[in-house]
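K.L.:
Before I ask anything, here is the structure I am working with.
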Amino acid sequence: MRLLRTSAVYRPQGDTWLLARALSDAGIEPGGRVLDVGTGTGALALAAARIGAAEVTAVDVSLAAVAVAGVNAWLRGLPVRAERGDALARDYPDPFDVVLANPPYVPAQGSDPPRGAARAWDAGYDGRAVIDRLCVRAPELLGGGGTLMLVQSDLADVEATLVRLRAGGLKAAVVDRQAQAFGPVLDERAAMMEERGLIRRGQRSEELVVIRADRPR
């Protein structure tokens, strides 16, 4: 999928396409309402619309991302509405059938809030700053029978995500995974992550994991 983007907007990478593939294989019924948390270029929102979503709300804190996602949807004539804001802090009039998330999950070097493009990957000391918020909010974002699908790195503790989602009453499991070498950001932070015990000495690869969590009807 060729997407318009600017240098200020996160470029779809392996995690994006892994989640898009898992979404396509998930057997989600068409005609539903979808929320895309941190939409970036809108790649996942467009994927949801292509498989039959009736309405997709694509939210991002970046004004540039909202503009890019909106244009990408408009060019394809897909039912995607791009909005600016913190998707996990907003109130919505109705629950969603599907929530998609490719959240930031890279451990940050410092404690300052991320700014600019780094908001797409910096996620606190252990990489869980946004994932933990998502786990808390997911049960109320989903309607009965609704599905959350998120992608994260194993560097950010996959088991903790499963435990938190299940604690919220969701049935959660890993449905896809893919190993890949570190990209530039993780390469730059490898020594820091070794010092924190987040990776083994000399480790320069990660496993991307897609988690599916279903809310009972």
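Every chain in the structure tokens takes a letter, A first, then B, and so on in the order presented; its residues are numbered from 1, and the ligands are numbered from 1 following the presented order.
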Output as a PDB file with N, CA, C and O atoms, in the first residue's frame all residues of chain A that backbone DSSP marks as strand (DSSP E).

P.N.:
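Listing of selection09.pdb after writing:
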ATOM      1  N   ARG A  33     -17.865  -0.536  13.729  1.00  0.00           N
ATOM      2  CA  ARG A  33     -17.217   0.737  14.065  1.00  0.00           C
ATOM      3  C   ARG A  33     -15.814   0.426  14.588  1.00  0.00           C
ATOM      4  O   ARG A  33     -15.645  -0.431  15.454  1.00  0.00           O
ATOM      5  N   VAL A  34     -14.826   1.161  14.076  1.00  0.00           N
ATOM      6  CA  VAL A  34     -13.429   0.881  14.405  1.00  0.00           C
ATOM      7  C   VAL A  34     -12.764   2.143  14.937  1.00  0.00           C
ATOM      8  O   VAL A  34     -12.987   3.245  14.428  1.00  0.00           O
ATOM      9  N   LEU A  35     -11.924   1.978  15.957  1.00  0.00           N
ATOM     10  CA  LEU A  35     -11.067   3.051  16.469  1.00  0.00           C
ATOM     11  C   LEU A  35      -9.625   2.678  16.210  1.00  0.00           C
ATOM     12  O   LEU A  35      -9.180   1.582  16.584  1.00  0.00           O
ATOM     13  N   ASP A  36      -8.876   3.574  15.572  1.00  0.00           N
ATOM     14  CA  ASP A  36      -7.442   3.382  15.345  1.00  0.00           C
ATOM     15  C   ASP A  36      -6.694   4.341  16.265  1.00  0.00           C
ATOM     16  O   ASP A  36      -6.750   5.554  16.089  1.00  0.00           O
ATOM     17  N   VAL A  37      -6.016   3.789  17.264  1.00  0.00           N
ATOM     18  CA  VAL A  37      -5.321   4.576  18.284  1.00  0.00           C
ATOM     19  C   VAL A  37      -3.926   4.946  17.794  1.00  0.00           C
ATOM     20  O   VAL A  37      -3.085   4.074  17.571  1.00  0.00           O
ATOM     21  N   GLU A  55     -17.398   2.454   9.612  1.00  0.00           N
ATOM     22  CA  GLU A  55     -16.976   3.754  10.140  1.00  0.00           C
ATOM     23  C   GLU A  55     -15.671   3.571  10.902  1.00  0.00           C
ATOM     24  O   GLU A  55     -15.589   2.728  11.801  1.00  0.00           O
ATOM     25  N   VAL A  56     -14.644   4.337  10.544  1.00  0.00           N
ATOM     26  CA  VAL A  56     -13.350   4.246  11.212  1.00  0.00           C
ATOM     27  C   VAL A  56     -12.985   5.619  11.757  1.00  0.00           C
ATOM     28  O   VAL A  56     -12.954   6.600  11.013  1.00  0.00           O
ATOM     29  N   THR A  57     -12.726   5.678  13.061  1.00  0.00           N
ATOM     30  CA  THR A  57     -12.245   6.900  13.693  1.00  0.00           C
ATOM     31  C   THR A  57     -10.753   6.748  13.926  1.00  0.00           C
ATOM     32  O   THR A  57     -10.315   5.854  14.657  1.00  0.00           O
ATOM     33  N   ALA A  58      -9.955   7.590  13.278  1.00  0.00           N
ATOM     34  CA  ALA A  58      -8.497   7.514  13.349  1.00  0.00           C
ATOM     35  C   ALA A  58      -7.985   8.711  14.142  1.00  0.00           C
ATOM     36  O   ALA A  58      -8.159   9.853  13.722  1.00  0.00           O
ATOM     37  N   VAL A  59      -7.365   8.462  15.293  1.00  0.00           N
ATOM     38  CA  VAL A  59      -6.990   9.538  16.212  1.00  0.00           C
ATOM     39  C   VAL A  59      -5.482   9.573  16.402  1.00  0.00           C
ATOM     40  O   VAL A  59      -4.832   8.529  16.529  1.00  0.00           O
ATOM     41  N   ASP A  60      -4.923  10.775  16.448  1.00  0.00           N
ATOM     42  CA  ASP A  60      -3.492  10.928  16.682  1.00  0.00           C
ATOM     43  C   ASP A  60      -3.238  12.277  17.350  1.00  0.00           C
ATOM     44  O   ASP A  60      -3.960  13.250  17.088  1.00  0.00           O
ATOM     45  N   VAL A  80     -13.099   6.866   6.593  1.00  0.00           N
ATOM     46  CA  VAL A  80     -12.189   7.106   7.710  1.00  0.00           C
ATOM     47  C   VAL A  80     -12.270   8.573   8.105  1.00  0.00           C
ATOM     48  O   VAL A  80     -12.109   9.461   7.252  1.00  0.00           O
ATOM     49  N   ARG A  81     -12.502   8.838   9.393  1.00  0.00           N
ATOM     50  CA  ARG A  81     -12.522  10.207   9.908  1.00  0.00           C
ATOM     51  C   ARG A  81     -11.307  10.395  10.808  1.00  0.00           C
ATOM     52  O   ARG A  81     -11.174   9.744  11.847  1.00  0.00           O
ATOM     53  N   ALA A  82     -10.383  11.262  10.399  1.00  0.00           N
ATOM     54  CA  ALA A  82      -9.157  11.511  11.152  1.00  0.00           C
ATOM     55  C   ALA A  82      -9.360  12.680  12.101  1.00  0.00           C
ATOM     56  O   ALA A  82      -9.830  13.754  11.696  1.00  0.00           O
ATOM     57  N   GLU A  83      -9.004  12.483  13.384  1.00  0.00           N
ATOM     58  CA  GLU A  83      -9.221  13.501  14.405  1.00  0.00           C
ATOM     59  C   GLU A  83      -7.973  13.636  15.271  1.00  0.00           C
ATOM     60  O   GLU A  83      -7.300  12.643  15.561  1.00  0.00           O
ATOM     61  N   ARG A  84      -7.715  14.861  15.720  1.00  0.00           N
ATOM     62  CA  ARG A  84      -6.552  15.100  16.561  1.00  0.00           C
ATOM     63  C   ARG A  84      -6.911  14.968  18.036  1.00  0.00           C
ATOM     64  O   ARG A  84      -7.961  15.418  18.483  1.00  0.00           O
ATOM     65  N   PHE A  96     -16.864   0.666  20.472  1.00  0.00           N
ATOM     66  CA  PHE A  96     -16.408   0.234  19.159  1.00  0.00           C
ATOM     67  C   PHE A  96     -16.465  -1.287  19.034  1.00  0.00           C
ATOM     68  O   PHE A  96     -16.385  -2.016  20.007  1.00  0.00           O
ATOM     69  N   ASP A  97     -16.570  -1.722  17.796  1.00  0.00           N
ATOM     70  CA  ASP A  97     -16.510  -3.152  17.507  1.00  0.00           C
ATOM     71  C   ASP A  97     -15.065  -3.643  17.452  1.00  0.00           C
ATOM     72  O   ASP A  97     -14.773  -4.782  17.803  1.00  0.00           O
ATOM     73  N   VAL A  98     -14.178  -2.757  16.990  1.00  0.00           N
ATOM     74  CA  VAL A  98     -12.758  -3.095  16.880  1.00  0.00           C
ATOM     75  C   VAL A  98     -11.928  -1.889  17.306  1.00  0.00           C
ATOM     76  O   VAL A  98     -12.224  -0.757  16.908  1.00  0.00           O
ATOM     77  N   VAL A  99     -10.902  -2.135  18.112  1.00  0.00           N
ATOM     78  CA  VAL A  99      -9.905  -1.115  18.444  1.00  0.00           C
ATOM     79  C   VAL A  99      -8.559  -1.624  17.959  1.00  0.00           C
ATOM     80  O   VAL A  99      -8.146  -2.747  18.295  1.00  0.00           O
ATOM     81  N   LEU A 100      -7.874  -0.804  17.171  1.00  0.00           N
ATOM     82  CA  LEU A 100      -6.546  -1.137  16.647  1.00  0.00           C
ATOM     83  C   LEU A 100      -5.506  -0.231  17.288  1.00  0.00           C
ATOM     84  O   LEU A 100      -5.761   0.960  17.487  1.00  0.00           O
ATOM     85  N   ALA A 101      -4.336  -0.779  17.589  1.00  0.00           N
ATOM     86  CA  ALA A 101      -3.292   0.048  18.195  1.00  0.00           C
ATOM     87  C   ALA A 101      -1.907  -0.475  17.852  1.00  0.00           C
ATOM     88  O   ALA A 101      -1.616  -1.657  18.074  1.00  0.00           O
ATOM     89  N   LEU A 142     -14.575  -1.054  24.077  1.00  0.00           N
ATOM     90  CA  LEU A 142     -15.162  -2.126  23.281  1.00  0.00           C
ATOM     91  C   LEU A 142     -16.601  -2.406  23.693  1.00  0.00           C
ATOM     92  O   LEU A 142     -16.930  -2.455  24.872  1.00  0.00           O
ATOM     93  N   GLY A 143     -17.436  -2.623  22.687  1.00  0.00           N
ATOM     94  CA  GLY A 143     -18.775  -3.102  22.950  1.00  0.00           C
ATOM     95  C   GLY A 143     -18.753  -4.611  23.174  1.00  0.00           C
ATOM     96  O   GLY A 143     -17.714  -5.265  23.004  1.00  0.00           O
ATOM     97  N   GLY A 144     -19.887  -5.194  23.558  1.00  0.00           N
ATOM     98  CA  GLY A 144     -19.957  -6.629  23.745  1.00  0.00           C
ATOM     99  C   GLY A 144     -19.603  -7.362  22.466  1.00  0.00           C
ATOM    100  O   GLY A 144     -20.113  -7.037  21.393  1.00  0.00           O
ATOM    101  N   GLY A 145     -18.697  -8.321  22.560  1.00  0.00           N
ATOM    102  CA  GLY A 145     -18.225  -9.038  21.381  1.00  0.00           C
ATOM    103  C   GLY A 145     -17.159  -8.291  20.607  1.00  0.00           C
ATOM    104  O   GLY A 145     -16.716  -8.758  19.551  1.00  0.00           O
ATOM    105  N   GLY A 146     -16.734  -7.131  21.132  1.00  0.00           N
ATOM    106  CA  GLY A 146     -15.724  -6.321  20.444  1.00  0.00           C
ATOM    107  C   GLY A 146     -14.327  -6.890  20.592  1.00  0.00           C
ATOM    108  O   GLY A 146     -14.044  -7.703  21.479  1.00  0.00           O
ATOM    109  N   THR A 147     -13.419  -6.428  19.737  1.00  0.00           N
ATOM    110  CA  THR A 147     -12.061  -6.975  19.661  1.00  0.00           C
ATOM    111  C   THR A 147     -11.014  -5.872  19.659  1.00  0.00           C
ATOM    112  O   THR A 147     -11.110  -4.916  18.883  1.00  0.00           O
ATOM    113  N   LEU A 148     -10.024  -6.005  20.530  1.00  0.00           N
ATOM    114  CA  LEU A 148      -8.826  -5.171  20.498  1.00  0.00           C
ATOM    115  C   LEU A 148      -7.724  -5.954  19.821  1.00  0.00           C
ATOM    116  O   LEU A 148      -7.499  -7.122  20.137  1.00  0.00           O
ATOM    117  N   MET A 149      -7.018  -5.294  18.885  1.00  0.00           N
ATOM    118  CA  MET A 149      -5.835  -5.894  18.279  1.00  0.00           C
ATOM    119  C   MET A 149      -4.701  -4.892  18.375  1.00  0.00           C
ATOM    120  O   MET A 149      -4.824  -3.764  17.890  1.00  0.00           O
ATOM    121  N   LEU A 150      -3.623  -5.300  19.034  1.00  0.00           N
ATOM    122  CA  LEU A 150      -2.476  -4.400  19.199  1.00  0.00           C
ATOM    123  C   LEU A 150      -1.191  -5.136  18.887  1.00  0.00           C
ATOM    124  O   LEU A 150      -1.102  -6.350  19.026  1.00  0.00           O
ATOM    125  N   VAL A 151      -0.204  -4.370  18.482  1.00  0.00           N
ATOM    126  CA  VAL A 151       1.113  -4.923  18.206  1.00  0.00           C
ATOM    127  C   VAL A 151       2.120  -4.244  19.129  1.00  0.00           C
ATOM    128  O   VAL A 151       2.040  -3.047  19.380  1.00  0.00           O
ATOM    129  N   GLN A 152       3.048  -5.047  19.650  1.00  0.00           N
ATOM    130  CA  GLN A 152       4.104  -4.511  20.494  1.00  0.00           C
ATOM    131  C   GLN A 152       5.348  -5.373  20.353  1.00  0.00           C
ATOM    132  O   GLN A 152       5.302  -6.466  19.794  1.00  0.00           O
ATOM    133  N   SER A 153       6.440  -4.891  20.899  1.00  0.00           N
ATOM    134  CA  SER A 153       7.680  -5.651  20.915  1.00  0.00           C
ATOM    135  C   SER A 153       7.746  -6.497  22.181  1.00  0.00           C
ATOM    136  O   SER A 153       7.192  -6.129  23.226  1.00  0.00           O
ATOM    137  N   LYS A 171     -10.652 -11.627  26.977  1.00  0.00           N
ATOM    138  CA  LYS A 171      -9.991 -12.885  26.637  1.00  0.00           C
ATOM    139  C   LYS A 171      -8.847 -12.553  25.694  1.00  0.00           C
ATOM    140  O   LYS A 171      -9.063 -12.183  24.537  1.00  0.00           O
ATOM    141  N   ALA A 172      -7.612 -12.654  26.174  1.00  0.00           N
ATOM    142  CA  ALA A 172      -6.458 -12.162  25.420  1.00  0.00           C
ATOM    143  C   ALA A 172      -5.477 -13.275  25.096  1.00  0.00           C
ATOM    144  O   ALA A 172      -5.219 -14.155  25.924  1.00  0.00           O
ATOM    145  N   ALA A 173      -4.910 -13.210  23.890  1.00  0.00           N
ATOM    146  CA  ALA A 173      -3.927 -14.206  23.458  1.00  0.00           C
ATOM    147  C   ALA A 173      -3.065 -13.616  22.343  1.00  0.00           C
ATOM    148  O   ALA A 173      -3.482 -12.710  21.628  1.00  0.00           O
ATOM    149  N   VAL A 174      -1.860 -14.158  22.199  1.00  0.00           N
ATOM    150  CA  VAL A 174      -0.983 -13.803  21.084  1.00  0.00           C
ATOM    151  C   VAL A 174      -1.468 -14.548  19.849  1.00  0.00           C
ATOM    152  O   VAL A 174      -1.660 -15.763  19.893  1.00  0.00           O
ATOM    153  N   VAL A 175      -1.670 -13.822  18.752  1.00  0.00           N
ATOM    154  CA  VAL A 175      -2.188 -14.448  17.531  1.00  0.00           C
ATOM    155  C   VAL A 175      -1.202 -14.405  16.369  1.00  0.00           C
ATOM    156  O   VAL A 175      -1.418 -15.066  15.356  1.00  0.00           O
ATOM    157  N   ASP A 176      -0.124 -13.643  16.498  1.00  0.00           N
ATOM    158  CA  ASP A 176       0.885 -13.618  15.438  1.00  0.00           C
ATOM    159  C   ASP A 176       2.166 -13.055  16.019  1.00  0.00           C
ATOM    160  O   ASP A 176       2.153 -12.328  17.028  1.00  0.00           O
ATOM    161  N   ARG A 177       3.280 -13.376  15.388  1.00  0.00           N
ATOM    162  CA  ARG A 177       4.572 -12.882  15.856  1.00  0.00           C
ATOM    163  C   ARG A 177       5.562 -12.895  14.698  1.00  0.00           C
ATOM    164  O   ARG A 177       5.408 -13.628  13.729  1.00  0.00           O
ATOM    165  N   GLN A 178       6.596 -12.058  14.844  1.00  0.00           N
ATOM    166  CA  GLN A 178       7.583 -11.928  13.773  1.00  0.00           C
ATOM    167  C   GLN A 178       8.879 -11.375  14.357  1.00  0.00           C
ATOM    168  O   GLN A 178       8.872 -10.348  15.042  1.00  0.00           O
ATOM    169  N   ALA A 179       9.983 -12.042  14.095  1.00  0.00           N
ATOM    170  CA  ALA A 179      11.282 -11.574  14.564  1.00  0.00           C
ATOM    171  C   ALA A 179      11.871 -10.593  13.556  1.00  0.00           C
ATOM    172  O   ALA A 179      11.668 -10.737  12.348  1.00  0.00           O
ATOM    173  N   GLN A 180      12.581  -9.596  14.064  1.00  0.00           N
ATOM    174  CA  GLN A 180      13.256  -8.663  13.165  1.00  0.00           C
ATOM    175  C   GLN A 180      14.455  -8.033  13.878  1.00  0.00           C
ATOM    176  O   GLN A 180      14.507  -7.959  15.110  1.00  0.00           O
ATOM    177  N   ALA A 181      15.406  -7.578  13.082  1.00  0.00           N
ATOM    178  CA  ALA A 181      16.581  -6.898  13.622  1.00  0.00           C
ATOM    179  C   ALA A 181      16.199  -5.521  14.134  1.00  0.00           C
ATOM    180  O   ALA A 181      15.221  -4.926  13.687  1.00  0.00           O
ATOM    181  N   SER A 205      18.114  -7.913  18.223  1.00  0.00           N
ATOM    182  CA  SER A 205      16.886  -8.264  17.524  1.00  0.00           C
ATOM    183  C   SER A 205      15.741  -8.284  18.526  1.00  0.00           C
ATOM    184  O   SER A 205      15.956  -8.373  19.741  1.00  0.00           O
ATOM    185  N   GLU A 206      14.528  -8.209  18.018  1.00  0.00           N
ATOM    186  CA  GLU A 206      13.328  -8.223  18.846  1.00  0.00           C
ATOM    187  C   GLU A 206      12.283  -9.112  18.177  1.00  0.00           C
ATOM    188  O   GLU A 206      12.420  -9.479  17.006  1.00  0.00           O
ATOM    189  N   GLU A 207      11.258  -9.445  18.930  1.00  0.00           N
ATOM    190  CA  GLU A 207      10.126 -10.163  18.356  1.00  0.00           C
ATOM    191  C   GLU A 207       8.902  -9.267  18.471  1.00  0.00           C
ATOM    192  O   GLU A 207       8.548  -8.804  19.554  1.00  0.00           O
ATOM    193  N   LEU A 208       8.261  -9.018  17.340  1.00  0.00           N
ATOM    194  CA  LEU A 208       7.010  -8.278  17.319  1.00  0.00           C
ATOM    195  C   LEU A 208       5.867  -9.250  17.552  1.00  0.00           C
ATOM    196  O   LEU A 208       5.863 -10.351  16.999  1.00  0.00           O
ATOM    197  N   VAL A 209       4.910  -8.834  18.358  1.00  0.00           N
ATOM    198  CA  VAL A 209       3.820  -9.723  18.750  1.00  0.00           C
ATOM    199  C   VAL A 209       2.485  -9.011  18.563  1.00  0.00           C
ATOM    200  O   VAL A 209       2.332  -7.851  18.956  1.00  0.00           O
ATOM    201  N   VAL A 210       1.527  -9.697  17.957  1.00  0.00           N
ATOM    202  CA  VAL A 210       0.148  -9.179  17.858  1.00  0.00           C
ATOM    203  C   VAL A 210      -0.693  -9.866  18.914  1.00  0.00           C
ATOM    204  O   VAL A 210      -0.710 -11.095  19.008  1.00  0.00           O
ATOM    205  N   ILE A 211      -1.355  -9.064  19.724  1.00  0.00           N
ATOM    206  CA  ILE A 211      -2.257  -9.561  20.764  1.00  0.00           C
ATOM    207  C   ILE A 211      -3.688  -9.247  20.375  1.00  0.00           C
ATOM    208  O   ILE A 211      -4.006  -8.098  19.991  1.00  0.00           O
ATOM    209  N   ARG A 212      -4.538 -10.255  20.485  1.00  0.00           N
ATOM    210  CA  ARG A 212      -5.975 -10.068  20.273  1.00  0.00           C
ATOM    211  C   ARG A 212      -6.684 -10.243  21.614  1.00  0.00           C
ATOM    212  O   ARG A 212      -6.429 -11.230  22.327  1.00  0.00           O
ATOM    213  N   ALA A 213      -7.554  -9.293  21.947  1.00  0.00           N
ATOM    214  CA  ALA A 213      -8.312  -9.365  23.188  1.00  0.00           C
ATOM    215  C   ALA A 213      -9.788  -9.133  22.886  1.00  0.00           C
ATOM    216  O   ALA A 213     -10.156  -8.095  22.312  1.00  0.00           O
ATOM    217  N   ASP A 214     -10.624 -10.084  23.231  1.00  0.00           N
ATOM    218  CA  ASP A 214     -12.050 -10.034  22.934  1.00  0.00           C
ATOM    219  C   ASP A 214     -12.855  -9.783  24.202  1.00  0.00           C
ATOM    220  O   ASP A 214     -12.599 -10.406  25.246  1.00  0.00           O
TER     221      ASP A 214
END

K.L.:
Would you kindly return, as a ChimeraX atom specification, each protein, DNA or RNA residue with an atom no farther than 8 Å from any atom of range 11-17 of chain A, considering only C-alpha atoms and excluding same-chain residues fewer than 4 positions away?

P.N.:
/A:5,21,40-41,43-44,102,151-152,208

K.L.:
Quick one: everything within 9 Å of Ala190 in chain A, counting only C-alpha atoms, minus sequence neighbours fewer than 5 positions away in the same chain. Send it as a list of chain:residue names.

P.N.:
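Surrounding residues, per the criterion: A:Phe182, A:Val185, A:Glu195, A:Ile199, A:Arg201, A:Gly202, A:Gln203, A:Arg204.
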
K.L.:
Take the residues just selected and output them with C-alpha atoms as an mmCIF file, in the first residue's frame.

P.N.:
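Result file selection-v1.cif:
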data_model
loop_
_atom_site.group_PDB
_atom_site.id
_atom_site.type_symbol
_atom_site.label_atom_id
_atom_site.label_comp_id
_atom_site.auth_asym_id
_atom_site.auth_seq_id
_atom_site.Cartn_x
_atom_site.Cartn_y
_atom_site.Cartn_z
ATOM 1 C CA PHE A 182 16.753 -3.667 15.598
ATOM 2 C CA VAL A 185 16.247 3.850 17.257
ATOM 3 C CA GLU A 195 22.192 -1.597 31.456
ATOM 4 C CA ILE A 199 17.851 -7.051 26.670
ATOM 5 C CA ARG A 201 24.276 -8.376 26.232
ATOM 6 C CA GLY A 202 24.812 -8.242 22.491
ATOM 7 C CA GLN A 203 21.147 -8.702 21.638
ATOM 8 C CA ARG A 204 20.229 -6.784 18.517
#

K.L.:
Could you please determine the separation between CA of Ala89 in chain A and CA of Glu159 in chain A in Å, to one decimal place?

P.N.:
24.3 Å

K.L.:
So which bits of chain A end up alpha helix (DSSP H) when you DSSP the backbone, as a ChimeraX atom specification?

P.N.:
/A:14-25,43-50,63-76,129-141,158-167,184-196

K.L.:
I want to know what sits within 8 Å of range 24-28 of chain A, based on only C-alpha atoms, with residues of the same chain fewer than 2 positions away left out; could you give that as a list in words?

P.N.:
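In the requested format, the answer is Ala20, Arg21, Ala22, Pro30, Ala47 and Ile51 of chain A.
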
K.L.:
Keeping C-alpha atoms, export the residues of the selection given above as a short mmCIF file (atom, residue, chain, number, x, y, z; two decimals), in the first residue's frame.

P.N.:
data_model
loop_
_atom_site.label_atom_id
_atom_site.label_comp_id
_atom_site.auth_asym_id
_atom_site.auth_seq_id
_atom_site.Cartn_x
_atom_site.Cartn_y
_atom_site.Cartn_z
CA ALA A 20 -2.62 -5.29 9.24
CA ARG A 21 -2.10 -8.93 8.25
CA ALA A 22 -3.46 -10.17 11.58
CA PRO A 30 -17.98 -6.21 8.19
CA ALA A 47 -6.86 -1.57 6.22
CA ILE A 51 -12.12 -5.19 4.90
#

K.L.:
Smallest atom-to-atom distance to Ala118 in chain A: which of A:Cys135, A:Ala8, A:Ala48, A:Leu78, using only C-alpha atoms?

P.N.:
A:Ala8

K.L.:
My list of candidates is A:Leu3, A:Val106, A:Ala191, A:Ala49. Which is closest to Trp121 in chain A when distances are computed with only C-alpha atoms?

P.N.:
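Once distances to Trp121 in chain A are computed over only C-alpha atoms, the minimum belongs to A:Val106.
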
K.L.:
Work out how far CA of Thr39 in chain A is from CA of Arg133 in chain A, in Å to one decimal.

P.N.:
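Pair CA of Arg133 in chain A / CA of Thr39 in chain A returns 16.5 Å.
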
K.L.:
Which residue gives the smallest distance to Leu162 in chain A among A:Leu134, A:Arg189, A:Ala87, A:Gly183, with only C-alpha atoms counted?

P.N.:
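Nearest candidate to Leu162 in chain A out of A:Leu134, A:Arg189, A:Ala87, A:Gly183: A:Leu134.
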